[in-house]
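Shown next: data_9.txt, given as compact mmCIF, C-alpha atoms.
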```txt
# COMPACT_ATOMS: atom_id res chain seq x y z
CA MET A 1 -104.83 2.65 8.38
CA ALA A 2 -106.60 3.79 11.51
CA SER A 3 -105.56 7.39 10.91
CA ALA A 4 -107.71 7.49 7.78
CA VAL A 5 -110.94 6.75 9.63
CA LYS A 6 -110.85 8.77 12.83
CA ASP A 7 -114.11 10.61 12.22
CA SER A 8 -117.29 8.85 13.30
CA ARG A 9 -118.81 9.42 9.87
CA PRO A 10 -116.34 8.43 7.18
CA GLY A 11 -116.98 9.79 3.70
CA TYR A 12 -115.51 10.15 0.25
CA GLY A 13 -112.95 12.70 1.41
CA HIS A 14 -111.54 10.29 3.99
CA LEU A 15 -111.55 7.48 1.45
CA LEU A 16 -109.63 9.40 -1.18
CA ARG A 17 -106.98 10.37 1.36
CA THR A 18 -106.13 6.70 1.87
CA PRO A 19 -102.38 6.39 1.23
CA GLY A 20 -101.65 5.13 -2.26
CA ALA A 21 -105.29 5.25 -3.42
CA TRP A 22 -104.76 7.58 -6.37
CA THR A 23 -101.95 5.44 -7.76
CA PHE A 24 -104.43 2.69 -8.62
CA LEU A 25 -107.64 4.71 -8.97
CA LEU A 26 -106.65 6.71 -12.04
CA PRO A 27 -105.14 3.82 -14.05
CA GLY A 28 -108.02 1.64 -12.87
CA PHE A 29 -110.56 4.13 -14.16
CA LEU A 30 -108.92 4.18 -17.58
CA ALA A 31 -108.57 0.40 -17.67
CA ARG A 32 -112.23 -0.29 -16.86
CA GLN A 33 -113.66 2.00 -19.54
CA PRO A 34 -113.46 -0.75 -22.21
CA PHE A 35 -115.61 -3.07 -20.09
CA ALA A 36 -118.60 -0.81 -20.76
CA MET A 37 -117.79 -0.53 -24.47
CA LEU A 38 -117.27 -4.19 -25.36
CA THR A 39 -120.80 -5.58 -25.56
CA ILE A 40 -122.40 -2.52 -27.13
CA GLY A 41 -119.53 -2.39 -29.63
CA ILE A 42 -120.06 -6.06 -30.54
CA THR A 43 -123.83 -5.58 -30.78
CA LEU A 44 -123.55 -2.62 -33.15
CA LEU A 45 -120.82 -4.15 -35.32
CA VAL A 46 -122.42 -7.58 -35.74
CA GLN A 47 -125.89 -6.15 -36.28
CA SER A 48 -124.46 -3.84 -38.93
CA THR A 49 -122.68 -6.63 -40.81
CA THR A 50 -125.37 -9.33 -40.46
CA GLY A 51 -128.59 -7.31 -40.20
CA SER A 52 -129.79 -9.54 -37.36
CA TYR A 53 -130.28 -8.64 -33.71
CA GLY A 54 -130.44 -12.35 -32.95
CA SER A 55 -126.93 -12.89 -34.35
CA ALA A 56 -125.64 -9.80 -32.55
CA GLY A 57 -127.17 -11.03 -29.30
CA ALA A 58 -125.69 -14.51 -29.79
CA VAL A 59 -122.15 -13.19 -30.28
CA THR A 60 -122.57 -10.85 -27.33
CA ALA A 61 -123.87 -13.76 -25.27
CA ALA A 62 -120.89 -15.94 -26.18
CA THR A 63 -118.56 -13.15 -25.07
CA GLY A 64 -120.42 -12.70 -21.79
CA VAL A 65 -120.68 -16.41 -20.99
CA SER A 66 -116.97 -16.97 -21.52
CA MET A 67 -116.23 -13.90 -19.43
CA ALA A 68 -118.45 -15.16 -16.63
CA LEU A 69 -116.89 -18.63 -16.67
CA PHE A 70 -113.26 -17.54 -16.83
CA ALA A 71 -113.36 -14.38 -14.68
CA PRO A 72 -113.49 -16.28 -11.35
CA GLN A 73 -110.51 -18.37 -12.41
CA SER A 74 -108.69 -15.17 -13.24
CA GLY A 75 -109.57 -13.84 -9.78
CA LYS A 76 -108.37 -17.03 -8.11
CA LEU A 77 -105.06 -16.82 -9.97
CA ALA A 78 -104.73 -13.15 -9.01
CA ASP A 79 -105.27 -14.04 -5.34
CA ARG A 80 -102.59 -16.71 -5.60
CA PHE A 81 -99.95 -15.18 -7.88
CA GLY A 82 -100.70 -11.45 -7.83
CA GLN A 83 -102.74 -9.18 -10.08
CA ARG A 84 -99.90 -8.16 -12.39
CA ALA A 85 -99.05 -11.76 -13.30
CA VAL A 86 -102.63 -12.34 -14.48
CA LEU A 87 -103.37 -8.95 -16.00
CA LEU A 88 -100.46 -8.63 -18.43
CA PRO A 89 -101.09 -11.77 -20.53
CA GLY A 90 -104.85 -11.23 -20.30
CA VAL A 91 -104.60 -7.76 -21.84
CA LEU A 92 -102.58 -9.01 -24.81
CA ILE A 93 -104.89 -11.96 -25.48
CA HIS A 94 -107.97 -9.74 -25.27
CA VAL A 95 -106.63 -7.18 -27.72
CA ALA A 96 -105.77 -9.96 -30.18
CA GLY A 97 -109.28 -11.43 -29.78
CA VAL A 98 -110.99 -8.09 -30.45
CA ALA A 99 -108.85 -7.57 -33.55
CA ALA A 100 -109.80 -11.01 -34.86
CA LEU A 101 -113.50 -10.40 -34.16
CA ILE A 102 -113.44 -7.11 -36.06
CA THR A 103 -111.67 -8.71 -39.01
CA LEU A 104 -114.11 -11.62 -39.24
CA ALA A 105 -117.20 -9.43 -38.86
CA LEU A 106 -116.10 -7.06 -41.63
CA ALA A 107 -115.29 -10.05 -43.84
CA HIS A 108 -118.88 -11.31 -43.31
CA ALA A 109 -117.62 -14.55 -41.80
CA PRO A 110 -120.25 -17.12 -40.77
CA LEU A 111 -121.83 -16.87 -37.35
CA TRP A 112 -119.97 -19.91 -36.01
CA ALA A 113 -116.64 -18.17 -36.70
CA LEU A 114 -117.73 -15.05 -34.84
CA LEU A 115 -118.87 -17.18 -31.91
CA ALA A 116 -115.56 -19.06 -31.87
CA VAL A 117 -113.55 -15.83 -31.62
CA ALA A 118 -115.97 -14.32 -29.10
CA VAL A 119 -115.04 -17.01 -26.55
CA PRO A 120 -111.36 -16.07 -26.03
CA THR A 121 -112.26 -12.39 -26.36
CA GLY A 122 -114.66 -12.61 -23.42
CA ALA A 123 -112.51 -15.01 -21.41
CA SER A 124 -109.55 -12.64 -21.49
CA THR A 125 -111.46 -9.48 -20.57
CA PRO A 126 -109.37 -7.80 -17.84
CA GLN A 127 -111.20 -7.87 -14.51
CA VAL A 128 -109.98 -4.46 -13.37
CA GLY A 129 -113.05 -3.59 -11.29
CA PRO A 130 -112.69 -6.59 -8.95
CA MET A 131 -108.95 -5.96 -8.75
CA VAL A 132 -109.54 -2.37 -7.63
CA ARG A 133 -112.07 -3.57 -5.04
CA ALA A 134 -109.54 -6.10 -3.77
CA ARG A 135 -106.98 -3.29 -3.41
CA TRP A 136 -109.44 -1.26 -1.36
CA ALA A 137 -110.08 -4.27 0.88
CA ALA A 138 -106.33 -4.78 1.34
CA GLN A 139 -105.79 -1.09 2.13
CA LEU A 140 -108.74 -0.60 4.45
CA GLY A 141 -109.06 -3.94 6.24
CA GLY A 142 -112.25 -3.97 8.31
CA SER A 143 -112.54 -0.19 8.68
CA PRO A 144 -115.84 1.73 8.48
CA LEU A 145 -114.66 3.07 5.12
CA MET A 146 -115.36 -0.22 3.33
CA PRO A 147 -119.05 0.57 2.55
CA THR A 148 -117.90 3.98 1.29
CA ALA A 149 -115.32 2.26 -0.92
CA ALA A 150 -118.01 -0.08 -2.26
CA ALA A 151 -120.21 2.90 -3.09
CA PHE A 152 -117.32 4.77 -4.70
CA GLU A 153 -116.54 1.77 -6.89
CA SER A 154 -120.17 1.44 -7.91
CA VAL A 155 -120.21 5.12 -8.87
CA THR A 156 -117.01 4.65 -10.85
CA ASP A 157 -118.41 1.59 -12.59
CA GLU A 158 -121.58 3.39 -13.51
CA PHE A 159 -119.75 6.48 -14.71
CA THR A 160 -117.96 4.19 -17.15
CA PHE A 161 -121.39 2.92 -18.24
CA VAL A 162 -122.43 6.53 -18.83
CA VAL A 163 -119.34 7.34 -20.89
CA GLY A 164 -118.59 3.97 -22.50
CA PRO A 165 -121.86 3.22 -24.34
CA VAL A 166 -122.23 6.83 -25.51
CA LEU A 167 -118.65 6.84 -26.81
CA ALA A 168 -118.96 3.43 -28.46
CA THR A 169 -122.30 4.32 -30.07
CA ALA A 170 -120.97 7.65 -31.34
CA LEU A 171 -117.93 5.99 -32.84
CA CYS A 172 -119.91 3.13 -34.42
CA THR A 173 -122.68 5.31 -35.88
CA GLY A 174 -120.62 8.40 -36.69
CA ILE A 175 -117.33 6.96 -37.96
CA HIS A 176 -117.45 3.22 -38.69
CA PRO A 177 -119.28 0.19 -37.24
CA ALA A 178 -115.95 -1.20 -36.01
CA ALA A 179 -114.69 2.06 -34.47
CA GLY A 180 -116.17 1.31 -31.04
CA LEU A 181 -114.29 -1.98 -30.73
CA VAL A 182 -111.07 -0.41 -32.02
CA ALA A 183 -111.27 2.17 -29.24
CA GLU A 184 -112.09 -0.58 -26.73
CA ALA A 185 -108.96 -2.51 -27.66
CA ALA A 186 -106.75 0.59 -27.51
CA LEU A 187 -108.04 1.58 -24.06
CA THR A 188 -107.66 -1.98 -22.80
CA LEU A 189 -104.02 -2.06 -23.85
CA ALA A 190 -103.09 1.37 -22.46
CA GLY A 191 -105.15 1.22 -19.27
CA GLY A 192 -104.34 -2.40 -18.48
CA LEU A 193 -100.59 -1.89 -18.76
CA LEU A 194 -100.70 1.26 -16.60
CA PHE A 195 -102.76 -0.47 -13.92
CA ALA A 196 -100.52 -3.52 -13.90
CA ALA A 197 -97.53 -1.25 -13.32
CA GLN A 198 -98.92 -0.16 -9.90
CA ARG A 199 -97.33 -2.99 -7.95
CA ARG A 200 -97.06 -1.33 -4.52
CA THR A 201 -100.81 -1.27 -3.87
CA GLN A 202 -101.76 -4.72 -5.16
CA PRO A 203 -102.89 -7.20 -2.47
CA PRO A 204 -100.25 -9.70 -1.37
CA ALA A 205 -100.26 -13.00 -3.19
CA HIS A 206 -101.58 -15.88 -1.08
CA ARG A 207 -99.43 -18.69 -2.44
CA THR A 208 -100.22 -22.13 -1.05
CA PRO A 209 -97.18 -24.19 -0.03
CA ALA A 210 -97.04 -27.61 -1.61
CA ASP A 211 -97.57 -29.38 1.72
CA ASP A 212 -100.54 -27.24 2.77
CA ARG A 213 -104.18 -27.58 1.86
CA PRO A 214 -105.25 -25.21 -0.93
CA HIS A 215 -107.33 -22.17 -0.06
CA ALA A 216 -111.07 -22.79 -0.17
CA SER A 217 -112.80 -21.31 -3.17
CA ALA A 218 -115.04 -18.30 -2.61
CA LEU A 219 -117.77 -20.36 -4.25
CA SER A 220 -117.78 -22.66 -1.23
CA VAL A 221 -119.35 -19.84 0.82
CA PRO A 222 -123.18 -20.19 0.64
CA GLY A 223 -123.69 -16.43 0.81
CA VAL A 224 -121.53 -15.93 -2.27
CA ARG A 225 -123.70 -18.35 -4.23
CA VAL A 226 -126.79 -16.39 -3.23
CA LEU A 227 -125.14 -13.13 -4.26
CA ILE A 228 -124.23 -14.68 -7.62
CA VAL A 229 -127.92 -15.29 -8.31
CA ALA A 230 -128.72 -11.71 -7.33
CA PHE A 231 -126.02 -10.35 -9.61
CA LEU A 232 -127.21 -12.58 -12.44
CA GLY A 233 -130.56 -10.81 -12.16
CA ILE A 234 -128.86 -7.42 -12.28
CA GLY A 235 -126.99 -8.56 -15.38
CA THR A 236 -130.31 -9.29 -17.11
CA VAL A 237 -131.20 -5.62 -16.64
CA PHE A 238 -128.00 -4.45 -18.31
CA GLY A 239 -128.24 -6.95 -21.19
CA GLY A 240 -131.95 -6.53 -21.77
CA MET A 241 -131.72 -2.75 -21.71
CA GLN A 242 -128.74 -2.66 -24.05
CA VAL A 243 -130.26 -4.78 -26.82
CA SER A 244 -133.79 -3.46 -26.41
CA LEU A 245 -132.77 0.20 -26.43
CA THR A 246 -130.72 -0.42 -29.57
CA ALA A 247 -133.69 -2.10 -31.25
CA PHE A 248 -136.13 0.58 -30.07
CA THR A 249 -134.05 3.49 -31.38
CA GLN A 250 -133.47 1.71 -34.69
CA HIS A 251 -137.21 1.06 -34.96
CA ILE A 252 -138.14 4.73 -34.50
CA GLY A 253 -135.43 5.84 -36.93
CA HIS A 254 -133.12 7.58 -34.43
CA PRO A 255 -130.25 5.16 -33.71
CA GLY A 256 -128.02 7.97 -32.48
CA ILE A 257 -130.01 8.45 -29.27
CA ASN A 258 -129.38 4.87 -28.16
CA GLY A 259 -126.28 5.92 -26.25
CA VAL A 260 -128.15 8.84 -24.70
CA LEU A 261 -130.96 6.63 -23.40
CA TYR A 262 -128.52 4.08 -22.03
CA GLY A 263 -126.51 6.92 -20.53
CA ILE A 264 -129.60 8.21 -18.70
CA PHE A 265 -130.19 4.72 -17.33
CA ALA A 266 -126.55 4.50 -16.17
CA ALA A 267 -126.65 8.05 -14.80
CA GLY A 268 -129.49 7.06 -12.48
CA ASN A 269 -127.32 4.21 -11.27
CA MET A 270 -124.40 6.56 -10.72
CA LEU A 271 -126.45 9.16 -8.81
CA ALA A 272 -127.87 6.50 -6.53
CA GLY A 273 -124.37 5.20 -5.92
CA ILE A 274 -123.15 8.65 -4.88
CA ALA A 275 -126.04 8.96 -2.44
CA CYS A 276 -125.44 5.50 -0.98
CA GLY A 277 -121.83 6.34 -0.22
CA ALA A 278 -122.72 9.64 1.43
CA ILE A 279 -125.27 8.15 3.85
CA ALA A 280 -124.24 6.91 7.29
CA TRP A 281 -126.29 3.71 7.20
CA LYS A 282 -127.89 2.35 10.37
CA VAL A 283 -129.37 -0.57 8.46
CA GLY A 284 -127.18 -3.56 7.62
CA PRO A 285 -126.22 -4.39 4.01
CA ARG A 286 -128.33 -7.56 3.92
CA ARG A 287 -131.53 -5.66 4.62
CA ARG A 288 -130.52 -2.90 2.20
CA LEU A 289 -129.97 -5.51 -0.52
CA LEU A 290 -133.40 -7.07 -0.05
CA VAL A 291 -135.21 -3.72 -0.11
CA ALA A 292 -133.25 -2.39 -3.09
CA TYR A 293 -133.80 -5.59 -5.06
CA GLY A 294 -137.53 -5.52 -4.47
CA LEU A 295 -137.66 -1.95 -5.79
CA LEU A 296 -135.55 -2.92 -8.80
CA ALA A 297 -137.91 -5.74 -9.77
CA LEU A 298 -140.84 -3.36 -9.42
CA ALA A 299 -139.16 -0.64 -11.50
CA THR A 300 -138.55 -2.98 -14.46
CA THR A 301 -142.25 -3.86 -14.71
CA PRO A 302 -143.40 -0.99 -16.99
CA LEU A 303 -140.40 -1.01 -19.37
CA TRP A 304 -142.09 -3.05 -22.09
CA THR A 305 -145.10 -0.71 -22.17
CA ALA A 306 -143.10 2.43 -23.05
CA THR A 307 -143.62 3.63 -26.62
CA ALA A 308 -142.26 7.18 -26.42
CA VAL A 309 -138.65 8.28 -25.89
CA PRO A 310 -139.31 10.59 -22.89
CA LEU A 311 -141.30 7.90 -21.05
CA LEU A 312 -138.68 5.27 -21.74
CA ALA A 313 -135.95 7.63 -20.55
CA ALA A 314 -137.86 8.31 -17.32
CA ILE A 315 -138.45 4.62 -16.59
CA GLY A 316 -134.83 3.83 -17.43
CA LEU A 317 -133.70 6.49 -14.97
CA VAL A 318 -135.79 4.94 -12.19
CA VAL A 319 -134.46 1.47 -12.98
CA GLY A 320 -130.93 2.84 -12.82
CA LEU A 321 -131.61 4.46 -9.45
CA CYS A 322 -132.55 1.05 -8.04
CA ILE A 323 -129.49 -0.85 -9.30
CA ALA A 324 -126.68 0.88 -7.41
CA PRO A 325 -128.04 0.23 -3.88
CA ALA A 326 -128.35 -3.48 -4.69
CA LEU A 327 -124.85 -3.70 -6.18
CA ILE A 328 -123.22 -1.75 -3.35
CA SER A 329 -124.91 -3.84 -0.67
CA GLY A 330 -123.85 -7.04 -2.39
CA TYR A 331 -120.23 -6.00 -2.73
CA THR A 332 -120.18 -4.79 0.88
CA LEU A 333 -121.39 -8.19 2.08
CA VAL A 334 -118.36 -9.90 0.50
CA GLU A 335 -116.01 -8.57 3.17
CA SER A 336 -118.04 -10.14 5.96
CA LEU A 337 -118.64 -13.43 4.14
CA VAL A 338 -115.32 -14.22 2.43
CA PRO A 339 -111.77 -14.52 3.87
CA ALA A 340 -109.11 -12.17 2.50
CA ALA A 341 -107.35 -14.97 0.59
CA ALA A 342 -110.37 -15.42 -1.70
CA ARG A 343 -111.80 -11.91 -2.06
CA THR A 344 -110.57 -11.14 -5.57
CA GLU A 345 -112.09 -14.43 -6.66
CA ALA A 346 -115.36 -13.54 -4.91
CA PHE A 347 -115.49 -10.13 -6.58
CA THR A 348 -114.85 -11.72 -9.98
CA TRP A 349 -117.61 -14.28 -9.38
CA LEU A 350 -120.01 -11.38 -8.85
CA THR A 351 -118.71 -9.41 -11.82
CA GLY A 352 -118.84 -12.59 -13.90
CA ALA A 353 -122.41 -13.19 -12.77
CA VAL A 354 -123.38 -9.75 -14.05
CA ALA A 355 -121.66 -10.55 -17.35
CA LEU A 356 -123.39 -13.93 -17.59
CA GLY A 357 -126.78 -12.42 -16.85
CA GLN A 358 -126.07 -9.71 -19.38
CA ALA A 359 -125.08 -12.28 -21.98
CA ALA A 360 -128.14 -14.45 -21.44
CA ALA A 361 -130.37 -11.38 -21.50
CA SER A 362 -128.74 -10.08 -24.68
CA SER A 363 -129.42 -13.36 -26.45
CA ALA A 364 -132.98 -13.66 -25.13
CA ALA A 365 -133.83 -10.02 -25.84
CA GLY A 366 -132.39 -10.33 -29.35
CA GLN A 367 -134.51 -13.36 -30.11
CA LEU A 368 -137.64 -11.76 -28.69
CA THR A 369 -136.96 -8.56 -30.64
CA ASP A 370 -136.53 -10.40 -33.94
CA ARG A 371 -139.80 -12.33 -33.40
CA PHE A 372 -142.12 -9.93 -31.59
CA GLY A 373 -140.76 -6.41 -32.03
CA PRO A 374 -138.54 -3.99 -30.06
CA SER A 375 -140.71 -3.80 -26.94
CA ALA A 376 -140.62 -7.55 -26.27
CA GLY A 377 -136.98 -7.49 -25.23
CA PHE A 378 -137.83 -5.33 -22.22
CA LEU A 379 -139.59 -8.31 -20.64
CA VAL A 380 -136.20 -9.92 -20.00
CA PRO A 381 -135.12 -7.56 -17.15
CA LEU A 382 -138.47 -8.07 -15.45
CA ALA A 383 -138.23 -11.86 -15.58
CA GLY A 384 -134.59 -11.89 -14.47
CA THR A 385 -135.01 -9.65 -11.45
CA ALA A 386 -138.25 -11.31 -10.34
CA LEU A 387 -136.65 -14.77 -10.30
CA ALA A 388 -133.53 -13.51 -8.52
CA LEU A 389 -135.64 -11.71 -5.91
CA ALA A 390 -137.48 -14.94 -5.14
CA VAL A 391 -134.15 -16.71 -4.54
CA LEU A 392 -132.87 -13.85 -2.39
CA LEU A 393 -135.91 -13.88 -0.14
CA THR A 394 -135.82 -17.66 0.20
CA LEU A 395 -132.09 -17.93 1.00
CA ARG A 396 -131.51 -14.62 2.77
CA ALA A 397 -130.28 -16.39 5.92
CA HIS A 398 -127.07 -17.32 4.07
CA LEU A 399 -126.20 -13.62 3.76
CA ALA A 400 -125.81 -13.13 7.50
CA PRO A 401 -122.11 -12.72 8.40
CA ARG A 402 -120.59 -15.21 10.79
CA ALA A 403 -120.21 -13.87 14.32
CA SER A 404 -116.45 -14.37 14.27
CA THR A 405 -116.18 -12.29 11.12
CA VAL A 406 -118.14 -9.41 12.59
CA VAL A 407 -116.06 -9.43 15.77
CA SER A 408 -112.76 -9.45 13.88
CA GLN A 409 -113.87 -6.58 11.64
CA THR A 410 -114.99 -4.55 14.63
CA SER A 411 -111.61 -5.09 16.28
CA ALA A 412 -109.80 -3.97 13.13
CA ALA A 413 -111.79 -0.75 13.04
CA ALA A 414 -111.53 -0.10 16.80
CA ALA A 415 -108.98 2.67 16.49
CA GLY A 416 -111.04 4.59 13.98
CA ALA A 417 -114.66 4.20 15.09
CA ALA A 418 -116.42 5.42 18.17
CA PRO A 419 -117.80 2.77 20.59
CA GLU A 420 -121.38 3.61 19.78
CA GLU A 421 -120.68 3.22 16.06
CA ARG A 422 -119.15 -0.22 16.60
CA GLU A 423 -122.24 -1.24 18.54
CA ARG A 424 -124.41 -0.12 15.65
CA GLU A 425 -122.28 -2.13 13.20
CA LEU A 426 -122.72 -5.27 15.31
CA ALA A 427 -126.45 -4.69 15.70
CA SER A 428 -127.12 -3.98 12.04
CA ALA A 429 -124.90 -6.65 10.46
```
Show how you would write the structure in this file as structure tokens.
Amino acid sequence: MASAVKDSRPGYGHLLRTPGAWTFLLPGFLARQPFAMLTIGITLLVQSTTGSYGSAGAVTAATGVSMALFAPQSGKLADRFGQRAVLLPGVLIHVAGVAALITLALAHAPLWALLAVAVPTGASTPQVGPMVRARWAAQLGGSPLMPTAAAFESVTDEFTFVVGPVLATALCTGIHPAAGLVAEAALTLAGGLLFAAQRRTQPPAHRTPADDRPHASALSVPGVRVLIVAFLGIGTVFGGMQVSLTAFTQHIGHPGINGVLYGIFAAGNMLAGIACGAIAWKVGPRRRLLVAYGLLALATTPLWTATAVPLLAAIGLVVGLCIAPALISGYTLVESLVPAAARTEAFTWLTGAVALGQAAASSAAGQLTDRFGPSAGFLVPLAGTALALAVLLTLRAHLAPRASTVVSQTSAAAAGAAPEERERELASA
């Protein structure tokens, strides 16, 4: 892989010329689209059939909590048995769960029934994003292209959050309240099966012989636990924005612009991600994470005061611009903190943390909206990021990579990076 990183300043062009990259990038892009459509589709369908944002937030929260709890187990199984073995049954279970949720919601089933079906639906959500990140890590090793790959994946994720919510909202408001979830299930089935078929680029399975000790969980790494808290806070931004924007646009009588406002928020995230990947950073990812997170907490402060669409769009754009640097820095830190045998699990812990934070925020924002009006839900992102920032600052020492990890990564990238660049990597880590 050294031939892919011979220039001293690796960029997107070098990354996309990585052998085999396109074979998993295109199916992976299709397969992750539903992830951005699921919660907004559930919110719009349940709110339409029950008339309650609180009920919609509760069902969304149940989906997110189950996703957060089961995603790391899915990642651990993928590390041990291979991605295909986990992805295929997961796709089928998820599609069946979405179909059952649609049927119950349209039949005006009681809330407990919707919550019961939401659990397997969330638990089986295919974790394609972490699987793609694990493939990049397997392809690139410790090369200087890893931060670029992390930025590229963040951009891809956020592009799905530009397209997905707009598509789901348009389908739900323009065709039928269930149309967004129908499209989500169809894309999950098609994209998931195509991605699972790309067997040549999946990371090798790390099976544990019966007489050996099992691999340590990624959760045993203190830095991963700190990152989980940080990603929980980021999840509160996504969940709080999603429910609150829906309530705000319904309140002003223009529900169709909900997807546009959320798309602007996600577009800011995507643009910042592109910029992060194009910069040759001289500052280590830990410091970048702390700075970006402080700016994110600050940017969420005025959300609840916005009463006009242009102002809310502008604030949402700024909030989005602050998210990508924090996400990219967090994902980049995983490579230096977690051994290869547990990286898919680590990535799914982080993705699950975002989902859990999103779920909790959806529920809290829904309750606040029902009781105090559409602006009250915007307080949730502020509270979530402020608490997570406090934890990050207190426990930031756990995010420093071990010296042995830094040395091994530098050795792996030796053929592709100039000596002065390797010195900078060691100094800034």
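Here CA of Val243 (chain A) and CA of Val91 (chain A) stand 26.3 Å from one another.
The spacing separating CA of Ile315 (chain A) from CA of Leu271 (chain A) amounts to 15.0 Å.
For the pair CA of Ala170 (chain A) and CA of Val46 (chain A), the interatomic distance is 15.9 Å.
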Taking 3 positions as the minimum chain separation for residues in the same chain, which residues sit within 9 Å of Phe81 (chain A) when counting all atoms listed in the file? Answer as an MDAnalysis selection string.
chainID A and resid 76:78 84:86 204:207
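Candidate residues A:Phe29, A:Phe35, A:Phe159, A:Tyr331 were compared for distance to Ala183 (chain A), and the nearest is A:Phe35, using only C-alpha atoms.
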Because the input lacks atoms here, generate all heavy atoms for region 46-51 of chain A and report them as a PDB file, in the frame of the given file.
```
ATOM      1  N   VAL A  46    -121.854  -6.354 -35.172  1.00  0.00           N
ATOM      2  CA  VAL A  46    -122.420  -7.580 -35.740  1.00  0.00           C
ATOM      3  C   VAL A  46    -123.794  -7.315 -36.347  1.00  0.00           C
ATOM      4  O   VAL A  46    -124.134  -7.852 -37.412  1.00  0.00           O
ATOM      5  CB  VAL A  46    -122.492  -8.690 -34.667  1.00  0.00           C
ATOM      6  CG1 VAL A  46    -123.166  -9.941 -35.222  1.00  0.00           C
ATOM      7  CG2 VAL A  46    -121.086  -9.030 -34.173  1.00  0.00           C
ATOM      8  N   GLN A  47    -124.596  -6.477 -35.704  1.00  0.00           N
ATOM      9  CA  GLN A  47    -125.890  -6.150 -36.280  1.00  0.00           C
ATOM     10  C   GLN A  47    -125.724  -5.424 -37.617  1.00  0.00           C
ATOM     11  O   GLN A  47    -126.479  -5.661 -38.566  1.00  0.00           O
ATOM     12  CB  GLN A  47    -126.702  -5.292 -35.301  1.00  0.00           C
ATOM     13  CG  GLN A  47    -128.180  -5.166 -35.635  1.00  0.00           C
ATOM     14  CD  GLN A  47    -128.463  -4.144 -36.719  1.00  0.00           C
ATOM     15  OE1 GLN A  47    -127.742  -3.144 -36.826  1.00  0.00           O
ATOM     16  NE2 GLN A  47    -129.499  -4.385 -37.524  1.00  0.00           N
ATOM     17  N   SER A  48    -124.705  -4.575 -37.692  1.00  0.00           N
ATOM     18  CA  SER A  48    -124.460  -3.840 -38.930  1.00  0.00           C
ATOM     19  C   SER A  48    -124.022  -4.755 -40.062  1.00  0.00           C
ATOM     20  O   SER A  48    -124.437  -4.570 -41.210  1.00  0.00           O
ATOM     21  CB  SER A  48    -123.393  -2.768 -38.689  1.00  0.00           C
ATOM     22  OG  SER A  48    -123.018  -2.132 -39.893  1.00  0.00           O
ATOM     23  N   THR A  49    -123.215  -5.761 -39.749  1.00  0.00           N
ATOM     24  CA  THR A  49    -122.680  -6.630 -40.810  1.00  0.00           C
ATOM     25  C   THR A  49    -123.599  -7.798 -41.138  1.00  0.00           C
ATOM     26  O   THR A  49    -123.497  -8.365 -42.233  1.00  0.00           O
ATOM     27  CB  THR A  49    -121.291  -7.169 -40.407  1.00  0.00           C
ATOM     28  OG1 THR A  49    -121.382  -7.856 -39.146  1.00  0.00           O
ATOM     29  CG2 THR A  49    -120.291  -6.026 -40.282  1.00  0.00           C
ATOM     30  N   THR A  50    -124.482  -8.188 -40.209  1.00  0.00           N
ATOM     31  CA  THR A  50    -125.370  -9.330 -40.460  1.00  0.00           C
ATOM     32  C   THR A  50    -126.822  -8.921 -40.657  1.00  0.00           C
ATOM     33  O   THR A  50    -127.606  -9.678 -41.242  1.00  0.00           O
ATOM     34  CB  THR A  50    -125.309 -10.340 -39.306  1.00  0.00           C
ATOM     35  OG1 THR A  50    -125.825  -9.731 -38.102  1.00  0.00           O
ATOM     36  CG2 THR A  50    -123.877 -10.798 -39.055  1.00  0.00           C
ATOM     37  N   GLY A  51    -127.200  -7.749 -40.127  1.00  0.00           N
ATOM     38  CA  GLY A  51    -128.590  -7.310 -40.200  1.00  0.00           C
ATOM     39  C   GLY A  51    -129.517  -8.016 -39.244  1.00  0.00           C
ATOM     40  O   GLY A  51    -130.736  -7.886 -39.346  1.00  0.00           O
TER      41      GLY A  51
END
```
